[in-house]
Structure formats: C-alpha cells, structure tokens
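Quick look at start02.tsv (TSV, N, CA and C atoms and all ligand atoms):
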```
chain	number	residue	atom	x	y	z
A	1	MET	N	172.45	28.21	117.97
A	1	MET	CA	172.27	29.48	117.24
A	1	MET	C	171.76	30.56	118.18
A	2	LYS	N	172.28	31.75	117.96
A	2	LYS	CA	171.88	32.90	118.78
A	2	LYS	C	170.41	33.25	118.52
A	3	GLU	N	169.70	33.61	119.55
A	3	GLU	CA	168.29	33.98	119.38
A	3	GLU	C	168.16	35.42	118.90
A	4	ASN	N	167.00	35.72	118.33
A	4	ASN	CA	166.73	37.10	117.89
A	4	ASN	C	166.62	38.04	119.10
A	5	ASP	N	167.20	39.21	118.95
A	5	ASP	CA	167.02	40.27	119.94
A	5	ASP	C	166.06	41.30	119.38
A	6	PHE	N	165.29	41.92	120.27
A	6	PHE	CA	164.34	42.96	119.87
A	6	PHE	C	164.72	44.25	120.57
A	7	LEU	N	164.85	45.32	119.77
A	7	LEU	CA	165.34	46.59	120.29
A	7	LEU	C	164.33	47.70	120.06
A	8	CYS	N	164.30	48.64	120.98
A	8	CYS	CA	163.53	49.87	120.77
A	8	CYS	C	164.24	50.70	119.71
A	9	PRO	N	163.51	51.19	118.68
A	9	PRO	CA	164.16	51.98	117.62
A	9	PRO	C	164.64	53.34	118.13
A	10	GLN	N	164.13	53.79	119.25
A	10	GLN	CA	164.51	55.10	119.79
A	10	GLN	C	165.77	55.01	120.66
A	11	CYS	N	165.74	54.14	121.70
A	11	CYS	CA	166.87	54.08	122.65
A	11	CYS	C	167.75	52.87	122.42
A	12	ARG	N	167.33	51.96	121.54
A	12	ARG	CA	168.03	50.70	121.27
A	12	ARG	C	168.22	49.85	122.52
A	13	GLY	N	167.34	50.03	123.49
A	13	GLY	CA	167.34	49.16	124.68
A	13	GLY	C	166.75	47.81	124.31
A	14	GLN	N	167.10	46.78	125.08
A	14	GLN	CA	166.62	45.41	124.83
A	14	GLN	C	165.19	45.25	125.33
A	15	LEU	N	164.28	44.96	124.41
A	15	LEU	CA	162.87	44.78	124.77
A	15	LEU	C	162.58	43.33	125.16
A	16	LYS	N	163.54	42.44	124.93
A	16	LYS	CA	163.35	41.02	125.26
A	16	LYS	C	164.45	40.58	126.22
A	17	PRO	N	164.26	40.84	127.54
A	17	PRO	CA	165.30	40.49	128.50
A	17	PRO	C	165.51	38.99	128.62
A	18	ASN	N	164.44	38.22	128.40
A	18	ASN	CA	164.58	36.77	128.50
A	18	ASN	C	163.86	36.11	127.33
A	19	ASN	N	162.67	35.59	127.54
A	19	ASN	CA	161.99	34.87	126.45
A	19	ASN	C	160.73	35.56	125.95
A	20	LYS	N	160.45	36.76	126.44
A	20	LYS	CA	159.29	37.51	125.97
A	20	LYS	C	159.67	38.96	125.67
A	21	ILE	N	158.96	39.55	124.70
A	21	ILE	CA	159.11	40.97	124.42
A	21	ILE	C	158.18	41.73	125.36
A	22	ILE	N	158.68	42.75	126.02
A	22	ILE	CA	157.87	43.48	127.00
A	22	ILE	C	157.54	44.88	126.50
A	23	PHE	N	156.25	45.21	126.52
A	23	PHE	CA	155.80	46.55	126.19
A	23	PHE	C	154.98	47.11	127.33
A	24	SER	N	155.03	48.42	127.48
A	24	SER	CA	154.12	49.14	128.35
A	24	SER	C	152.98	49.64	127.46
A	25	VAL	N	151.73	49.44	127.91
A	25	VAL	CA	150.58	49.65	127.03
A	25	VAL	C	149.53	50.52	127.70
A	26	LYS	N	148.90	51.38	126.89
A	26	LYS	CA	147.77	52.17	127.39
A	26	LYS	C	146.57	51.98	126.48
A	27	THR	N	145.40	51.75	127.08
A	27	THR	CA	144.18	51.56	126.30
A	27	THR	C	143.49	52.90	126.10
A	28	LYS	N	142.41	52.89	125.29
A	28	LYS	CA	141.66	54.10	124.98
A	28	LYS	C	141.08	54.75	126.23
A	29	ASP	N	140.61	53.92	127.18
A	29	ASP	CA	140.02	54.48	128.40
A	29	ASP	C	141.08	54.87	129.44
A	30	GLY	N	142.35	54.77	129.08
A	30	GLY	CA	143.41	55.27	129.94
A	30	GLY	C	144.00	54.26	130.90
A	31	SER	N	143.54	53.01	130.88
A	31	SER	CA	144.18	52.04	131.77
A	31	SER	C	145.51	51.60	131.19
A	32	VAL	N	146.45	51.31	132.08
A	32	VAL	CA	147.81	50.98	131.66
A	32	VAL	C	148.23	49.63	132.21
A	33	GLY	N	149.16	48.98	131.51
A	33	GLY	CA	149.63	47.68	131.97
A	33	GLY	C	150.83	47.23	131.15
A	34	LEU	N	151.38	46.09	131.56
A	34	LEU	CA	152.48	45.50	130.82
A	34	LEU	C	151.95	44.36	129.97
A	35	MET	N	152.51	44.23	128.77
A	35	MET	CA	152.10	43.19	127.86
A	35	MET	C	153.35	42.45	127.42
A	36	LEU	N	153.35	41.12	127.54
A	36	LEU	CA	154.49	40.31	127.13
A	36	LEU	C	154.11	39.51	125.88
A	37	LEU	N	154.92	39.66	124.85
A	37	LEU	CA	154.62	39.01	123.57
A	37	LEU	C	155.68	37.99	123.20
A	38	SER	N	155.26	37.03	122.39
A	38	SER	CA	156.18	36.01	121.91
A	38	SER	C	157.17	36.62	120.92
A	39	PRO	N	158.46	36.24	120.99
A	39	PRO	CA	159.44	36.72	120.02
A	39	PRO	C	159.37	35.95	118.70
A	40	HIS	N	158.48	34.94	118.63
A	40	HIS	CA	158.35	34.19	117.39
A	40	HIS	C	157.32	34.87	116.49
A	41	LEU	N	157.78	35.38	115.35
A	41	LEU	CA	156.90	36.13	114.46
A	41	LEU	C	155.75	35.25	114.00
A	42	GLY	N	154.54	35.77	114.08
A	42	GLY	CA	153.37	35.00	113.67
A	42	GLY	C	152.73	34.25	114.82
A	43	GLU	N	153.31	34.34	115.99
A	43	GLU	CA	152.71	33.72	117.18
A	43	GLU	C	152.17	34.84	118.06
A	44	TYR	N	150.87	34.78	118.38
A	44	TYR	CA	150.22	35.95	118.98
A	44	TYR	C	149.73	35.73	120.41
A	45	SER	N	150.43	34.89	121.17
A	45	SER	CA	150.07	34.73	122.57
A	45	SER	C	150.44	36.01	123.32
A	46	VAL	N	149.58	36.43	124.24
A	46	VAL	CA	149.82	37.64	125.02
A	46	VAL	C	149.77	37.28	126.50
A	47	VAL	N	150.80	37.71	127.25
A	47	VAL	CA	150.81	37.53	128.70
A	47	VAL	C	150.59	38.89	129.32
A	48	LYS	N	149.58	38.98	130.20
A	48	LYS	CA	149.31	40.22	130.91
A	48	LYS	C	148.56	39.89	132.19
A	49	HIS	N	148.47	40.87	133.10
A	49	HIS	CA	147.72	40.63	134.33
A	49	HIS	C	146.24	40.52	134.00
A	50	LYS	N	145.55	39.64	134.75
A	50	LYS	CA	144.14	39.40	134.40
A	50	LYS	C	143.26	40.63	134.64
A	51	SER	N	143.72	41.57	135.45
A	51	SER	CA	142.93	42.78	135.69
A	51	SER	C	143.07	43.78	134.54
A	52	PHE	N	144.05	43.57	133.68
A	52	PHE	CA	144.29	44.49	132.57
A	52	PHE	C	143.54	43.98	131.35
A	53	LYS	N	142.40	44.61	131.08
A	53	LYS	CA	141.50	44.11	130.04
A	53	LYS	C	141.74	44.81	128.70
A	54	LEU	N	141.81	44.00	127.65
A	54	LEU	CA	141.93	44.54	126.29
A	54	LEU	C	140.69	44.16	125.51
A	55	ILE	N	140.14	45.12	124.78
A	55	ILE	CA	138.93	44.88	124.00
A	55	ILE	C	139.29	44.70	122.53
A	56	ASP	N	138.81	43.62	121.94
A	56	ASP	CA	139.08	43.36	120.52
A	56	ASP	C	138.72	44.56	119.66
A	57	GLY	N	139.61	44.95	118.79
A	57	GLY	CA	139.33	46.03	117.86
A	57	GLY	C	139.75	47.40	118.35
A	58	GLU	N	140.14	47.52	119.62
A	58	GLU	CA	140.53	48.85	120.10
A	58	GLU	C	142.00	49.13	119.77
A	59	HIS	N	142.29	50.40	119.61
A	59	HIS	CA	143.63	50.86	119.27
A	59	HIS	C	144.44	51.08	120.55
A	60	LEU	N	145.61	50.45	120.63
A	60	LEU	CA	146.44	50.60	121.82
A	60	LEU	C	147.56	51.60	121.57
A	61	GLU	N	147.97	52.26	122.66
A	61	GLU	CA	149.24	52.99	122.62
A	61	GLU	C	150.27	52.05	123.22
A	62	VAL	N	151.36	51.80	122.48
A	62	VAL	CA	152.39	50.88	122.93
A	62	VAL	C	153.69	51.65	123.12
A	63	TYR	N	154.27	51.51	124.33
A	63	TYR	CA	155.46	52.30	124.68
A	63	TYR	C	156.65	51.39	124.97
A	64	CYS	N	157.84	51.91	124.68
A	64	CYS	CA	159.07	51.26	125.12
A	64	CYS	C	159.11	51.33	126.64
A	65	PRO	N	159.30	50.19	127.35
A	65	PRO	CA	159.32	50.23	128.81
A	65	PRO	C	160.60	50.88	129.35
A	66	ILE	N	161.57	51.13	128.49
A	66	ILE	CA	162.85	51.70	128.95
A	66	ILE	C	162.86	53.23	128.79
A	67	CYS	N	162.56	53.72	127.58
A	67	CYS	CA	162.65	55.17	127.35
A	67	CYS	C	161.26	55.81	127.18
A	68	HIS	N	160.20	54.98	127.17
A	68	HIS	CA	158.81	55.45	127.09
A	68	HIS	C	158.45	56.09	125.76
A	69	GLU	N	159.25	55.87	124.74
A	69	GLU	CA	158.88	56.31	123.40
A	69	GLU	C	157.59	55.60	122.97
A	70	ASN	N	156.67	56.35	122.35
A	70	ASN	CA	155.48	55.75	121.77
A	70	ASN	C	155.88	55.05	120.47
A	71	LEU	N	155.82	53.73	120.47
A	71	LEU	CA	156.33	52.97	119.33
A	71	LEU	C	155.43	53.12	118.10
A	72	GLY	N	154.20	53.58	118.30
A	72	GLY	CA	153.33	53.89	117.18
A	72	GLY	C	153.86	55.08	116.41
A	73	ASP	N	154.55	56.00	117.08
A	73	ASP	CA	155.12	57.18	116.42
A	73	ASP	C	156.31	56.81	115.54
A	74	GLN	N	156.82	55.58	115.71
A	74	GLN	CA	157.98	55.14	114.93
A	74	GLN	C	157.58	54.65	113.54
A	75	HIS	N	156.25	54.55	113.31
A	75	HIS	CA	155.79	54.13	111.99
A	75	HIS	C	154.78	55.12	111.45
A	76	GLU	N	154.80	55.34	110.11
A	76	GLU	CA	153.96	56.37	109.48
A	76	GLU	C	152.48	56.05	109.57
A	77	HIS	N	152.13	54.75	109.50
A	77	HIS	CA	150.71	54.37	109.54
A	77	HIS	C	150.21	54.44	110.98
A	78	LYS	N	149.03	55.05	111.19
A	78	LYS	CA	148.58	55.30	112.56
A	78	LYS	C	148.26	54.02	113.34
A	79	ASP	N	147.97	52.93	112.64
A	79	ASP	CA	147.63	51.68	113.33
A	79	ASP	C	148.77	50.67	113.37
A	80	LEU	N	149.97	51.13	113.00
A	80	LEU	CA	151.13	50.24	113.03
A	80	LEU	C	152.22	50.82	113.91
A	81	ALA	N	152.99	49.92	114.53
A	81	ALA	CA	154.13	50.32	115.34
A	81	ALA	C	155.37	49.59	114.85
A	82	LYS	N	156.52	50.05	115.30
A	82	LYS	CA	157.78	49.48	114.81
A	82	LYS	C	158.78	49.24	115.93
A	83	VAL	N	159.42	48.07	115.88
A	83	VAL	CA	160.60	47.82	116.71
A	83	VAL	C	161.69	47.28	115.79
A	84	LEU	N	162.87	47.04	116.35
A	84	LEU	CA	163.97	46.49	115.55
A	84	LEU	C	164.24	45.06	116.01
A	85	MET	N	164.66	44.22	115.09
A	85	MET	CA	165.05	42.86	115.43
A	85	MET	C	166.44	42.58	114.89
A	86	ILE	N	167.29	42.03	115.72
A	86	ILE	CA	168.63	41.63	115.29
A	86	ILE	C	168.67	40.11	115.32
A	87	ASN	N	168.92	39.48	114.19
A	87	ASN	CA	168.90	38.01	114.19
A	87	ASN	C	170.26	37.44	114.59
A	88	GLY	N	170.34	36.10	114.59
A	88	GLY	CA	171.56	35.42	115.04
A	88	GLY	C	172.79	35.77	114.24
A	89	GLU	N	172.59	36.31	113.03
A	89	GLU	CA	173.73	36.70	112.20
A	89	GLU	C	173.96	38.21	112.23
A	90	ASP	N	173.44	38.86	113.28
A	90	ASP	CA	173.62	40.30	113.47
A	90	ASP	C	173.02	41.15	112.36
A	91	LYS	N	172.04	40.59	111.65
A	91	LYS	CA	171.33	41.34	110.61
A	91	LYS	C	170.17	42.06	111.28
A	92	GLU	N	169.98	43.34	110.91
A	92	GLU	CA	168.94	44.13	111.57
A	92	GLU	C	167.72	44.31	110.67
A	93	TYR	N	166.54	44.01	111.21
A	93	TYR	CA	165.28	44.16	110.50
A	93	TYR	C	164.38	45.12	111.25
A	94	GLU	N	163.43	45.70	110.52
A	94	GLU	CA	162.33	46.41	111.19
A	94	GLU	C	161.19	45.42	111.33
A	95	ILE	N	160.61	45.37	112.52
A	95	ILE	CA	159.44	44.54	112.75
A	95	ILE	C	158.26	45.47	112.97
A	96	VAL	N	157.28	45.38	112.07
A	96	VAL	CA	156.12	46.26	112.09
A	96	VAL	C	154.91	45.43	112.49
A	97	PHE	N	154.12	45.95	113.44
A	97	PHE	CA	152.98	45.17	113.93
A	97	PHE	C	151.79	46.08	114.17
A	98	SER	N	150.61	45.45	114.21
A	98	SER	CA	149.37	46.20	114.37
A	98	SER	C	149.14	46.62	115.82
A	99	LEU	N	148.57	47.82	115.99
A	99	LEU	CA	148.23	48.33	117.33
A	99	LEU	C	146.78	48.02	117.68
A	100	ILE	N	146.08	47.32	116.79
A	100	ILE	CA	144.68	46.99	117.03
A	100	ILE	C	144.59	45.64	117.74
A	101	VAL	N	143.89	45.62	118.88
A	101	VAL	CA	143.78	44.39	119.66
A	101	VAL	C	143.10	43.30	118.83
A	102	GLY	N	143.71	42.11	118.80
A	102	GLY	CA	143.13	40.96	118.10
A	102	GLY	C	143.54	40.85	116.65
A	103	GLN	N	144.17	41.90	116.11
A	103	GLN	CA	144.60	41.85	114.71
A	103	GLN	C	145.95	41.14	114.62
A	104	LYS	N	145.96	40.02	113.89
A	104	LYS	CA	147.17	39.21	113.84
A	104	LYS	C	147.95	39.50	112.56
A	105	CYS	N	148.80	40.51	112.62
A	105	CYS	CA	149.67	40.76	111.48
A	105	CYS	C	150.97	41.40	111.93
A	106	THR	N	152.05	40.90	111.34
A	106	THR	CA	153.40	41.35	111.63
A	106	THR	C	154.17	41.34	110.32
A	107	TYR	N	155.05	42.30	110.15
A	107	TYR	CA	155.82	42.40	108.92
A	107	TYR	C	157.29	42.54	109.27
A	108	LYS	N	158.11	41.69	108.63
A	108	LYS	CA	159.55	41.75	108.83
A	108	LYS	C	160.13	42.48	107.63
A	109	VAL	N	160.72	43.63	107.86
A	109	VAL	CA	161.09	44.53	106.77
A	109	VAL	C	162.61	44.73	106.73
A	110	LEU	N	163.16	44.56	105.53
A	110	LEU	CA	164.57	44.89	105.30
A	110	LEU	C	164.63	45.61	103.96
A	111	GLY	N	164.79	46.91	104.01
A	111	GLY	CA	164.78	47.69	102.78
A	111	GLY	C	163.45	47.53	102.06
A	112	GLU	N	163.49	47.01	100.82
A	112	GLU	CA	162.28	46.82	100.02
A	112	GLU	C	161.59	45.49	100.32
A	113	ASP	N	162.29	44.61	101.01
A	113	ASP	CA	161.75	43.27	101.27
A	113	ASP	C	160.84	43.29	102.48
A	114	VAL	N	159.60	42.82	102.27
A	114	VAL	CA	158.62	42.75	103.36
A	114	VAL	C	158.10	41.33	103.45
A	115	GLU	N	158.32	40.71	104.60
A	115	GLU	CA	157.82	39.35	104.81
A	115	GLU	C	156.66	39.41	105.80
A	116	PRO	N	155.43	39.03	105.35
A	116	PRO	CA	154.27	39.13	106.23
A	116	PRO	C	154.07	37.88	107.09
A	117	PHE	N	153.53	38.09	108.29
A	117	PHE	CA	153.18	36.99	109.18
A	117	PHE	C	151.77	37.24	109.73
A	118	GLY	N	151.07	36.16	110.04
A	118	GLY	CA	149.77	36.27	110.70
A	118	GLY	C	148.61	36.23	109.74
A	119	GLU	N	147.45	35.79	110.24
A	119	GLU	CA	146.29	35.57	109.36
A	119	GLU	C	145.67	36.88	108.86
A	120	ASP	N	145.96	38.01	109.50
A	120	ASP	CA	145.42	39.30	109.04
A	120	ASP	C	146.46	40.11	108.27
A	121	ALA	N	147.49	39.45	107.79
A	121	ALA	CA	148.61	40.16	107.15
A	121	ALA	C	148.20	40.98	105.93
A	122	ASP	N	147.10	40.57	105.26
A	122	ASP	CA	146.64	41.31	104.08
A	122	ASP	C	146.20	42.74	104.42
A	123	GLU	N	145.78	42.93	105.66
A	123	GLU	CA	145.20	44.19	106.14
A	123	GLU	C	146.03	45.43	105.77
A	124	TYR	N	147.33	45.34	105.98
A	124	TYR	CA	148.19	46.52	105.78
A	124	TYR	C	149.23	46.30	104.69
A	125	PHE	N	149.15	45.12	104.05
A	125	PHE	CA	150.25	44.77	103.16
A	125	PHE	C	150.42	45.78	102.03
A	126	ASN	N	149.30	46.35	101.53
A	126	ASN	CA	149.42	47.29	100.42
A	126	ASN	C	150.08	48.61	100.82
A	127	PHE	N	150.33	48.78	102.11
A	127	PHE	CA	151.11	49.94	102.56
A	127	PHE	C	152.47	49.94	101.87
A	128	TRP	N	152.99	48.75	101.61
A	128	TRP	CA	154.30	48.62	100.97
A	128	TRP	C	154.21	48.50	99.46
A	129	GLY	N	152.99	48.63	98.90
A	129	GLY	CA	152.85	48.54	97.46
A	129	GLY	C	152.37	47.19	97.01
A	130	GLU	N	152.84	46.76	95.86
A	130	GLU	CA	152.38	45.53	95.23
A	130	GLU	C	152.51	44.32	96.14
A	131	ALA	N	151.54	43.40	96.04
A	131	ALA	CA	151.64	42.15	96.76
A	131	ALA	C	152.78	41.32	96.17
A	132	PRO	N	153.43	40.52	97.01
A	132	PRO	CA	154.55	39.73	96.49
A	132	PRO	C	154.07	38.61	95.58
A	133	THR	N	154.93	38.13	94.72
A	133	THR	CA	154.55	37.11	93.77
A	133	THR	C	155.02	35.72	94.19
A	134	TYR	N	155.67	35.60	95.33
A	134	TYR	CA	156.11	34.25	95.75
A	134	TYR	C	154.98	33.49	96.41
A	201	ZN	ZN	163.23	52.92	124.13
```
How does the structure come out when it is put into structure tokens?
Ligand SMILES: [Zn+2]
Amino acid sequence: MKENDFLCPQCRGQLKPNNKIIFSVKTKDGSVGLMLLSPHLGEYSVVKHKSFKLIDGEHLEVYCPICHENLGDQHEHKDLAKVLMINGEDKEYEIVFSLIVGQKCTYKVLGEDVEPFGEDADEYFNFWGEAPTY
C-alpha cells in the first residue's frame, strides 16, 4: 500500500521526502532549526539537533522548508497549524496540529469529519463544535 504523503497547503511541495516530515522552526527567543516528525498520526517523536532546544509550553513558529510559508497562518486558531495529507487512495485530508511544545494533539479533518489523535486532543477539539459520539 502506498504511504501517506504530506504537502504544504501553500506550495503543495512534499514535506515528507522519505520517512519523516520536515519543518523549519523558530522559537520565541529567535533560534531556528529543523524539526523532523513522524508521519504516523498520534506518534510524537521529534528529531532535531541537540543544540536546538525546545521548551515545553512555548509557542513555535513552524514554516514550510520549501516556500517558507508560516504554517500557523494556514489555520484560524493561533496555536494550531495545518498541512495536507494525501493517503494511499489519493484522498486529501487537512492535518491540524498544535504549535505548543509538548502538546500532543493532531486532528485529521475532511469536511465536517474530525478525527482526533494524541493524549491532549481534548484541548482544541471544541474548535470544531460538538464532541463526537463514537
Ligand atoms: Zn510550502
């Protein structure tokens, strides 16, 4: 089966050249670095250089490494960012994730359908309205 692809919503460039999603990141104090994330929704391992320090609870600016669009600007909520995911059946979803370091929540969105991932998923879920009944 074909693996999921992750695209920048602005330039539609491939954010996952191999097995990790790559973002360019800036912290509050202005330090910059690359952050590699797992393409498996709900898995929050982060690969980065050891000199690039992230502080739990701080708000990150996350950029497309190709066109440098601020991915936080792609979502209405100030603490959420958005990318696109194309699954093995060429179906396109919006993937919404938190910009707060240490917050484990991701949302897979297709129209009105929102599927939450991560232990902190309740944090922003009411952004989409009623909690699901499943
Ligand atoms: Zn881009």
Closest of A:Pro65, A:Gly42, A:Gly102, A:Gly88 to ligand ZN 201 (chain A), counting all atoms listed in the file, is A:Pro65
Give one line per residue of chain A that approaches ligand ZN 201 (chain A) to at most 7 Å, naming the two atoms of the closest pair and their distance in Å to one decimal, counting all atoms listed in the file; sort by chain then ascending residue number and deliver it as CSV.
```
residue,atom,partner,partner_atom,distance
A:Leu7,C,A:ZN201,ZN,6.7
A:Cys8,CA,A:ZN201,ZN,4.5
A:Pro9,N,A:ZN201,ZN,5.7
A:Gln10,C,A:ZN201,ZN,4.8
A:Cys11,N,A:ZN201,ZN,3.7
A:Arg12,N,A:ZN201,ZN,4.9
A:Gly13,N,A:ZN201,ZN,5.1
A:Tyr63,C,A:ZN201,ZN,6.8
A:Cys64,CA,A:ZN201,ZN,4.6
A:Pro65,N,A:ZN201,ZN,5.8
A:Ile66,C,A:ZN201,ZN,4.7
A:Cys67,N,A:ZN201,ZN,3.6
A:His68,N,A:ZN201,ZN,4.8
A:Glu69,N,A:ZN201,ZN,5.0
```
Q. If you measure from atom N of Val32 of chain A to atom N of Lys48 of chain A, what distance in Å do you get, rounded to one decimal?
A.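 Answer for the atom N of Val32 of chain A to atom N of Lys48 of chain A separation: 12.9 Å.
One finds atom CA of Asp79 of chain A at 19.8 Å from atom N of Lys53 of chain A.
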Practice prompt. Would you mind listing what lies within 7 Å of Val25 of chain A as a VMD selection string, with all atoms listed in the file counted and same-chain residues fewer than 6 positions away left out?
Written response: chain A and resid 31 to 35 60 to 63
